[in-house]
Amino acid sequence: MNSKIEQLKSELSKAVIGQESMIEGLIIGLLCEGHILIEGVPGLAKTTTINALSKALGLEFKRIQFTPDLLPSDIIGAEIYNPKEHTFSIKKGAIFTNLLLADEINRSPAKVQSALLEVMQERQVTIGDTSFQIDSPFLVMATQNPIEQEGVYSLPEAQLDRFMMKIVVGHNSIEEELTIMRKGATKSFEPINTILNREDLEILKRELESIHIDEAIERYIVQLITATREPEKFGLNPEDMMYGASPRASIDLYKASRAKAFLRGNSFVTPADIGSVVHNVLRHRVVLSYQARAKGVEIDEIISKIVETVHIP
Amino acid sequence: MKQSLGKIVIFIILSTLLFSEDFIYKIDIDNNQPYLKEPIILNLEINQTNHNKVIFFKFDLKKSKEYIFKRIDAIDKGKHHFAHLKYSYLIYPLKEGKIDIEFKLKKRVTNDESLSYSYSGDRDNIKLLVTEDSDIELPPTKLNVKPLPKDTEIVGDFKLKYHCKTHKAKSYQPMPINVEIKGKGYLPLIDNIIQSDRNITIFRDKPIIKSIQLPKDRLYTIEYPMAISSNKSFSLKPRTIKGFNPQTKESYLLSIPKQDFDIETIDKTTLIDKDNKPKPLERDFLWLRDIIYYIVIFVAGYLTAIAIEWRRGVKPKEKSTLYHKVKRSRDKRELLQILIATNQEQFKEIIRELEESIYNNKSISFKEIKEKLEKEIA
């Protein structure tokens, strides 16, 4: 593995115990310029992780708690009228940052969600007549609380598609929990040092470009995505899936598997690299049918079935 | 002389005061010695004198049992830094003797920055205007209310009209009768405009009140829709209402003269209803039947749910499907595919070994690796 990435992971482990999949997902997101959706119960170090990542990279970090009364102008900013001078001045919103934690994104109504998701896609904000570019790197880590269903506004599929990966964060192991408990009680978490800067990140991105991906592997990616759209062609049950993944999923799976190979220290992509990111990339993009949900089928089971069915090159 | 004096509008300026050099106000009333229930007009004018501040004013009369009031005009001619307000009220005193008209005035001071911030909000995002509020104590306006002449029922200049559609009817047939009082003054609401009589039945509806605001008074039209019926001929007693006009200071009488009604008696036997419509209530036990149905349906549903759970529970437990899949795999590639699909960290090393073997031609024993896996999964 790249030594810089190793250093970064080791620096993050000072503040975050366990949660490797979330840390790896964030690094993949940073390298691929994709956004991450995290699903997990409260208290699983989501804020700590992204905060630690911003410190380790020397980047700016902001957090927005999504609430039902949040307004688009709170995120993107607004024009303020100055009656003395009869002019409008622009007040930039929280979106103007490098790393943004959009906490409990499904607590706000659709107009607020779409304001954020639009910026995620365009990386540009228009306030009044003026357009502003969002500085690179720009990574949004949005969280969803899966427990509560009352007073939440579910993200529509079209908007979920804008997230590169959806990572499901689970509880730590007993050993990890013991470490967290001891460190948390004695406040002995070590401070995070800045070990990489923007230039280093750009170098890593350039190195990532050099990872080779064979045409057979590329075709394998496309076949995996096609299997979500036309399951009957691959001998899968078509009644399990209502909608398959979009072309954006193919792009994101391609980029994520290359980043995964890079993180593993390989110079080329293997089916195992694809297999280790395919669940995260497709989890929020493939829509289960009512029949499948009634039978208690989970989306991860369907994705595993697809991986099992489509032959590896 | 008295009449001419009464017609002269008494214009009394009660107070013109300067408050903390921020504003001046002026209160005037057109009559401070009104009769009971005589309308008086009160005007208030506020002018901001300190133009360095942005001031808003909130003014109203305090509610009291001694008078009722209605705001008839409110003009806001001012701009920020130059507040200029005019309010007009119509007041009816309800108690004889000395009464105080009390006021509540709130001064809200803010600045241009707060004002501009509050304007920056939109329909969905209203920004609060931050102000420093203070209650201003204003001295009450004193009235000396004169009593009405004895037995006065209505105050103002009113006229009465009545109308009986018919004076002939059959026994118990209702005959509509309508009384209307119209004019300027205090609301002429009278409880028993037609007095009750043991021999007649009076059906009363709610009075219909219409009113129009005039510059210095209020025009009322009150209609009393009623109907009367009886089983024999009768006479409605005359009714006299004493009114007082404060403008002319004279009392007057409004009257409904005696009315004779001719009732044609009818054969009572034709009025007797021999059938029970609707039928009298009988005891039935339909409710009990419904409850039993509900209980049976509930128990059936409950037992069905238990039966389904029981059937699920007795199913023979299958061995791990992954174990069978691994056992059935015929080559390294197939095994690798199965392990990749599990998305489990525990197989990371075996996946790497298989990859090395497939893509880098590193030699490993498929049989050995399969057996190792089978043991691990089992």
# chains A, B, ... in the order shown; residues from 1 in each chain; ligands from 1
>>> closest_atom_pairs(of="range 84-163 of chain A", to="range 278-291 of chain A", cutoff="7 Å", atoms="only C-alpha atoms", output="Markdown table")
| residue | atom | partner | partner_atom | distance |
| --- | --- | --- | --- | --- |
| A:Glu157 | CA | A:Arg285 | CA | 6.9 |
| A:Leu160 | CA | A:His284 | CA | 6.4 |
| A:Asp161 | CA | A:Arg285 | CA | 6.0 |
>>> residues_around(residues="Glu153 in chain B", least_positions_apart="3", cutoff="8 Å", atoms="only C-alpha atoms", output="JSON, numbers by chain")
{"B": [188, 190, 241, 242, 243]}
>>> interface_residues(of="chain A", to="chain B", cutoff="9 Å", atoms="only C-alpha atoms", output="JSON, numbers by chain")
{"A": [71, 73, 78, 79, 80, 81, 82, 83, 84, 270, 271, 272, 273, 274, 275, 276, 277, 278, 279, 301, 303, 304, 305, 306, 307, 308, 309, 310, 311, 312, 313]}
>>> residues_around(residues="Glu374 in chain B", least_positions_apart="4", cutoff="10 Å", atoms="only C-alpha atoms", output="MDAnalysis selection string")
chainID B and resid 322:327 368:370 378
>>> closest_residue(among="A:Leu117, A:Ile174, A:Val112, A:Leu263", to="Glu207 in chain A", atoms="only C-alpha atoms")
A:Leu263
>>> select_by_dssp(residues="range 142-259 of chain B", states="strand (DSSP E)", output="compact mmCIF listing (two decimals) with N, CA and C atoms, in the first residue's frame")
# COMPACT_ATOMS: atom_id res chain seq x y z
N LYS B 142 -60.77 61.30 31.44
CA LYS B 142 -61.88 61.19 32.38
C LYS B 142 -63.19 61.63 31.73
N LEU B 143 -64.23 60.85 32.00
CA LEU B 143 -65.57 61.19 31.50
C LEU B 143 -66.53 61.30 32.68
N ASN B 144 -67.44 62.22 32.57
CA ASN B 144 -68.50 62.33 33.58
C ASN B 144 -69.80 61.94 32.88
N VAL B 145 -70.24 60.69 33.11
CA VAL B 145 -71.36 60.15 32.34
C VAL B 145 -72.68 60.49 33.01
N ILE B 154 -83.81 52.23 24.89
CA ILE B 154 -82.84 52.36 23.80
C ILE B 154 -82.30 53.79 23.75
N VAL B 155 -81.01 53.90 23.34
CA VAL B 155 -80.36 55.22 23.29
C VAL B 155 -79.95 55.51 21.85
N GLY B 156 -80.46 56.60 21.32
CA GLY B 156 -80.13 56.99 19.95
C GLY B 156 -81.39 57.45 19.23
N ASP B 157 -81.22 57.60 17.95
CA ASP B 157 -82.36 58.07 17.15
C ASP B 157 -82.87 56.88 16.34
N PHE B 158 -83.92 56.23 16.83
CA PHE B 158 -84.40 54.99 16.22
C PHE B 158 -85.86 55.11 15.79
N LYS B 159 -86.21 54.29 14.78
CA LYS B 159 -87.60 54.19 14.29
C LYS B 159 -88.00 52.72 14.38
N LEU B 160 -89.27 52.45 14.58
CA LEU B 160 -89.74 51.06 14.70
C LEU B 160 -90.76 50.76 13.61
N LYS B 161 -90.64 49.57 13.02
CA LYS B 161 -91.63 49.11 12.04
C LYS B 161 -92.05 47.71 12.43
N TYR B 162 -93.32 47.38 12.26
CA TYR B 162 -93.74 46.01 12.54
C TYR B 162 -94.61 45.53 11.38
N HIS B 163 -94.68 44.18 11.27
CA HIS B 163 -95.47 43.64 10.16
C HIS B 163 -96.02 42.27 10.55
N CYS B 164 -97.37 42.12 10.46
CA CYS B 164 -98.00 40.82 10.70
C CYS B 164 -98.52 40.36 9.34
N LYS B 168 -105.50 36.15 10.67
CA LYS B 168 -106.45 35.04 10.73
C LYS B 168 -105.70 33.74 10.50
N ALA B 169 -106.04 32.74 11.34
CA ALA B 169 -105.36 31.44 11.18
C ALA B 169 -106.19 30.36 11.85
N LYS B 170 -105.77 29.12 11.58
CA LYS B 170 -106.44 28.01 12.25
C LYS B 170 -105.72 27.74 13.57
N MET B 175 -98.33 32.24 12.98
CA MET B 175 -98.51 33.46 12.17
C MET B 175 -97.25 34.30 12.31
N PRO B 176 -96.55 34.55 11.18
CA PRO B 176 -95.29 35.30 11.28
C PRO B 176 -95.52 36.76 11.66
N ILE B 177 -94.62 37.22 12.46
CA ILE B 177 -94.68 38.65 12.84
C ILE B 177 -93.23 39.16 12.89
N ASN B 178 -93.06 40.33 12.34
CA ASN B 178 -91.70 40.86 12.19
C ASN B 178 -91.63 42.27 12.77
N VAL B 179 -90.62 42.51 13.61
CA VAL B 179 -90.44 43.85 14.18
C VAL B 179 -89.05 44.32 13.78
N GLU B 180 -88.95 45.56 13.32
CA GLU B 180 -87.64 46.09 12.91
C GLU B 180 -87.40 47.42 13.58
N ILE B 181 -86.20 47.55 14.18
CA ILE B 181 -85.80 48.83 14.78
C ILE B 181 -84.58 49.31 14.01
N LYS B 182 -84.64 50.54 13.54
CA LYS B 182 -83.55 51.05 12.70
C LYS B 182 -83.19 52.47 13.11
N GLY B 183 -81.91 52.77 13.16
CA GLY B 183 -81.50 54.13 13.46
C GLY B 183 -80.08 54.19 13.97
N LYS B 184 -79.65 55.40 14.36
CA LYS B 184 -78.28 55.61 14.83
C LYS B 184 -78.28 55.60 16.35
N GLY B 185 -77.21 55.03 16.94
CA GLY B 185 -77.09 55.04 18.38
C GLY B 185 -76.51 53.76 18.90
N THR B 201 -98.46 30.99 22.14
CA THR B 201 -97.08 30.48 22.07
C THR B 201 -96.30 31.39 21.13
N ILE B 202 -95.16 31.87 21.61
CA ILE B 202 -94.32 32.75 20.77
C ILE B 202 -93.06 31.99 20.37
N PHE B 203 -92.84 31.91 19.07
CA PHE B 203 -91.62 31.29 18.55
C PHE B 203 -90.65 32.42 18.19
N ARG B 204 -89.51 32.44 18.86
CA ARG B 204 -88.56 33.55 18.62
C ARG B 204 -87.30 33.01 17.93
N ILE B 208 -81.75 39.54 13.85
CA ILE B 208 -80.78 39.72 12.75
C ILE B 208 -80.24 41.15 12.86
N ILE B 209 -78.94 41.25 13.11
CA ILE B 209 -78.33 42.58 13.35
C ILE B 209 -77.49 42.97 12.14
N LYS B 210 -77.78 44.15 11.60
CA LYS B 210 -76.95 44.70 10.52
C LYS B 210 -76.46 46.05 11.00
N SER B 211 -75.21 46.38 10.72
CA SER B 211 -74.71 47.68 11.18
C SER B 211 -73.77 48.29 10.16
N ILE B 212 -73.78 49.59 10.10
CA ILE B 212 -72.89 50.34 9.20
C ILE B 212 -72.18 51.40 10.03
N GLN B 213 -70.89 51.48 9.87
CA GLN B 213 -70.11 52.48 10.61
C GLN B 213 -70.26 53.85 9.92
N ARG B 218 -72.95 54.93 14.63
CA ARG B 218 -73.13 53.64 14.00
C ARG B 218 -74.62 53.48 13.67
N LEU B 219 -74.91 53.01 12.46
CA LEU B 219 -76.30 52.82 12.02
C LEU B 219 -76.66 51.34 12.18
N TYR B 220 -77.72 51.11 12.98
CA TYR B 220 -78.13 49.73 13.25
C TYR B 220 -79.48 49.44 12.62
N THR B 221 -79.64 48.20 12.14
CA THR B 221 -80.94 47.69 11.74
C THR B 221 -81.08 46.34 12.43
N ILE B 222 -82.06 46.27 13.35
CA ILE B 222 -82.25 44.99 14.04
C ILE B 222 -83.64 44.47 13.70
N GLU B 223 -83.64 43.21 13.26
CA GLU B 223 -84.90 42.59 12.87
C GLU B 223 -85.20 41.47 13.86
N TYR B 224 -86.42 41.45 14.38
CA TYR B 224 -86.82 40.39 15.32
C TYR B 224 -87.82 39.48 14.61
N PRO B 225 -87.39 38.38 14.01
CA PRO B 225 -88.35 37.48 13.36
C PRO B 225 -89.02 36.56 14.40
N MET B 226 -90.33 36.53 14.39
CA MET B 226 -91.08 35.73 15.38
C MET B 226 -92.30 35.12 14.70
N ALA B 227 -92.93 34.23 15.42
CA ALA B 227 -94.22 33.69 14.98
C ALA B 227 -95.04 33.41 16.24
N ILE B 228 -96.35 33.56 16.10
CA ILE B 228 -97.20 33.31 17.27
C ILE B 228 -98.30 32.33 16.87
N SER B 229 -98.73 31.55 17.84
CA SER B 229 -99.84 30.63 17.56
C SER B 229 -100.66 30.45 18.83
N PHE B 234 -107.20 35.72 20.09
CA PHE B 234 -106.53 36.46 21.18
C PHE B 234 -106.13 37.85 20.69
N SER B 235 -105.72 38.64 21.68
CA SER B 235 -105.23 39.99 21.35
C SER B 235 -103.81 40.14 21.90
N LEU B 236 -102.98 40.70 21.08
CA LEU B 236 -101.60 40.94 21.51
C LEU B 236 -101.57 42.32 22.16
N ARG B 239 -97.28 47.37 22.96
CA ARG B 239 -95.92 47.40 23.54
C ARG B 239 -95.32 48.77 23.25
N THR B 240 -94.84 49.39 24.30
CA THR B 240 -94.23 50.73 24.14
C THR B 240 -92.78 50.68 24.60
N ILE B 241 -91.90 51.20 23.77
CA ILE B 241 -90.46 51.22 24.10
C ILE B 241 -90.05 52.67 24.24
N LYS B 242 -89.40 52.97 25.38
CA LYS B 242 -89.00 54.36 25.60
C LYS B 242 -87.57 54.56 25.12
N GLY B 243 -87.39 55.53 24.24
CA GLY B 243 -86.06 55.81 23.73
C GLY B 243 -85.61 57.19 24.14
N PHE B 244 -84.29 57.43 24.08
CA PHE B 244 -83.74 58.74 24.41
C PHE B 244 -82.69 59.12 23.37
N ASN B 245 -82.85 60.32 22.83
CA ASN B 245 -81.90 60.79 21.82
C ASN B 245 -80.94 61.79 22.48
N GLU B 250 -83.92 64.58 24.14
CA GLU B 250 -85.35 64.35 24.30
C GLU B 250 -85.66 62.87 24.28
N SER B 251 -86.67 62.52 25.08
CA SER B 251 -87.15 61.13 25.09
C SER B 251 -88.25 60.99 24.05
N TYR B 252 -88.46 59.80 23.57
CA TYR B 252 -89.54 59.54 22.60
C TYR B 252 -90.03 58.13 22.82
N LEU B 253 -91.18 57.79 22.21
CA LEU B 253 -91.77 56.46 22.40
C LEU B 253 -91.91 55.75 21.05
N LEU B 254 -91.56 54.48 21.04
CA LEU B 254 -91.78 53.63 19.87
C LEU B 254 -92.83 52.62 20.29
N SER B 255 -93.85 52.39 19.48
CA SER B 255 -94.91 51.50 19.98
C SER B 255 -95.43 50.54 18.91
N ILE B 256 -95.85 49.37 19.42
CA ILE B 256 -96.55 48.39 18.59
C ILE B 256 -97.98 48.37 19.17
N GLN B 259 -102.97 44.23 18.79
CA GLN B 259 -103.25 43.46 17.57
C GLN B 259 -104.28 42.38 17.91
>>> residues_around(residues="Gln19 in chain A", least_positions_apart="2", cutoff="8 Å", atoms="only C-alpha atoms", output="list in words")
Val16, Ile17, Ser21, Met22, Ile23, Val169, Gly170 and Asn172 of chain A
>>> decode(residues="range 107-122 of chain A", atoms="all heavy atoms", output="CSV table (one decimal), in the first residue's frame")
chain,number,residue,atom,x,y,z
A,107,ARG,N,-33.7,14.3,7.6
A,107,ARG,CA,-34.5,15.0,8.5
A,107,ARG,C,-35.1,16.3,7.9
A,107,ARG,O,-36.0,16.9,8.4
A,107,ARG,CB,-33.8,15.4,9.8
A,107,ARG,CG,-33.5,14.3,10.7
A,107,ARG,CD,-34.2,14.6,12.1
A,107,ARG,NE,-34.0,13.4,12.9
A,107,ARG,CZ,-34.9,12.5,13.0
A,107,ARG,NH1,-36.0,12.5,12.4
A,107,ARG,NH2,-34.6,11.5,13.8
A,108,SER,N,-34.5,16.7,6.8
A,108,SER,CA,-35.0,18.0,6.1
A,108,SER,C,-35.8,17.7,4.9
A,108,SER,O,-35.7,16.6,4.3
A,108,SER,CB,-33.8,18.8,5.7
A,108,SER,OG,-33.2,19.4,6.8
A,109,PRO,N,-36.7,18.6,4.6
A,109,PRO,CA,-37.6,18.4,3.4
A,109,PRO,C,-36.8,18.4,2.1
A,109,PRO,O,-35.6,18.8,2.0
A,109,PRO,CB,-38.6,19.5,3.4
A,109,PRO,CG,-38.2,20.4,4.6
A,109,PRO,CD,-37.1,19.8,5.3
A,110,ALA,N,-37.5,18.0,1.0
A,110,ALA,CA,-36.9,17.7,-0.3
A,110,ALA,C,-36.1,19.0,-0.8
A,110,ALA,O,-35.1,18.8,-1.4
A,110,ALA,CB,-37.9,17.3,-1.3
A,111,LYS,N,-36.7,20.2,-0.6
A,111,LYS,CA,-36.0,21.4,-1.2
A,111,LYS,C,-34.6,21.6,-0.6
A,111,LYS,O,-33.8,22.1,-1.3
A,111,LYS,CB,-36.9,22.6,-1.0
A,111,LYS,CG,-37.2,23.1,0.4
A,111,LYS,CD,-38.0,24.3,0.3
A,111,LYS,CE,-38.3,24.8,1.8
A,111,LYS,NZ,-39.1,25.9,1.8
A,112,VAL,N,-34.4,21.3,0.6
A,112,VAL,CA,-33.1,21.4,1.3
A,112,VAL,C,-32.2,20.3,0.8
A,112,VAL,O,-31.0,20.6,0.4
A,112,VAL,CB,-33.3,21.4,2.8
A,112,VAL,CG1,-31.9,21.6,3.5
A,112,VAL,CG2,-34.3,22.4,3.3
A,113,GLN,N,-32.7,19.1,0.7
A,113,GLN,CA,-31.9,18.0,0.2
A,113,GLN,C,-31.4,18.3,-1.2
A,113,GLN,O,-30.2,18.1,-1.5
A,113,GLN,CB,-32.7,16.7,0.2
A,113,GLN,CG,-33.0,16.2,1.6
A,113,GLN,CD,-34.0,15.0,1.6
A,113,GLN,OE1,-34.4,14.6,0.5
A,113,GLN,NE2,-34.3,14.5,2.7
A,114,SER,N,-32.3,18.7,-2.0
A,114,SER,CA,-32.0,18.9,-3.4
A,114,SER,C,-31.0,20.1,-3.6
A,114,SER,O,-30.1,20.1,-4.4
A,114,SER,CB,-33.2,19.1,-4.3
A,114,SER,OG,-33.9,20.2,-3.9
A,115,ALA,N,-31.0,21.1,-2.7
A,115,ALA,CA,-30.1,22.2,-2.7
A,115,ALA,C,-28.7,21.7,-2.5
A,115,ALA,O,-27.7,22.0,-3.2
A,115,ALA,CB,-30.4,23.2,-1.6
A,116,LEU,N,-28.5,20.7,-1.5
A,116,LEU,CA,-27.2,20.2,-1.2
A,116,LEU,C,-26.8,19.2,-2.3
A,116,LEU,O,-25.6,19.3,-2.8
A,116,LEU,CB,-27.3,19.4,0.1
A,116,LEU,CG,-26.0,18.6,0.5
A,116,LEU,CD1,-24.9,19.5,0.8
A,116,LEU,CD2,-26.3,17.6,1.6
A,117,LEU,N,-27.7,18.4,-2.8
A,117,LEU,CA,-27.3,17.4,-3.8
A,117,LEU,C,-26.9,18.1,-5.1
A,117,LEU,O,-26.1,17.5,-5.9
A,117,LEU,CB,-28.5,16.4,-4.0
A,117,LEU,CG,-28.7,15.6,-2.7
A,117,LEU,CD1,-30.0,14.9,-2.8
A,117,LEU,CD2,-27.6,14.6,-2.5
A,118,GLU,N,-27.6,19.2,-5.4
A,118,GLU,CA,-27.2,19.9,-6.6
A,118,GLU,C,-25.8,20.4,-6.6
A,118,GLU,O,-25.0,20.3,-7.5
A,118,GLU,CB,-28.2,21.1,-6.8
A,118,GLU,CG,-28.3,21.6,-8.2
A,118,GLU,CD,-29.3,22.8,-8.3
A,118,GLU,OE1,-30.3,22.8,-7.6
A,118,GLU,OE2,-29.0,23.7,-9.1
A,119,VAL,N,-25.4,21.0,-5.4
A,119,VAL,CA,-24.1,21.5,-5.3
A,119,VAL,C,-23.1,20.3,-5.3
A,119,VAL,O,-22.0,20.5,-5.9
A,119,VAL,CB,-23.9,22.2,-3.9
A,119,VAL,CG1,-22.5,22.8,-3.8
A,119,VAL,CG2,-24.9,23.3,-3.8
A,120,MET,N,-23.4,19.2,-4.8
A,120,MET,CA,-22.6,18.0,-4.8
A,120,MET,C,-22.2,17.6,-6.2
A,120,MET,O,-21.1,17.2,-6.6
A,120,MET,CB,-23.3,16.8,-4.1
A,120,MET,CG,-23.2,16.9,-2.6
A,120,MET,SD,-24.4,15.8,-1.8
A,120,MET,CE,-24.0,14.2,-2.5
A,121,GLN,N,-23.3,17.7,-7.1
A,121,GLN,CA,-23.1,17.3,-8.5
A,121,GLN,C,-22.3,18.4,-9.3
A,121,GLN,O,-21.4,18.1,-10.0
A,121,GLN,CB,-24.5,17.1,-9.1
A,121,GLN,CG,-24.5,16.6,-10.5
A,121,GLN,CD,-23.9,15.2,-10.6
A,121,GLN,OE1,-24.0,14.4,-9.7
A,121,GLN,NE2,-23.4,14.8,-11.8
A,122,GLU,N,-22.8,19.6,-9.1
A,122,GLU,CA,-22.3,20.7,-10.0
A,122,GLU,C,-21.0,21.3,-9.5
A,122,GLU,O,-20.2,21.9,-10.2
A,122,GLU,CB,-23.3,21.9,-10.1
A,122,GLU,CG,-24.7,21.5,-10.5
A,122,GLU,CD,-24.8,20.9,-11.9
A,122,GLU,OE1,-23.9,21.2,-12.7
A,122,GLU,OE2,-25.7,20.0,-12.1
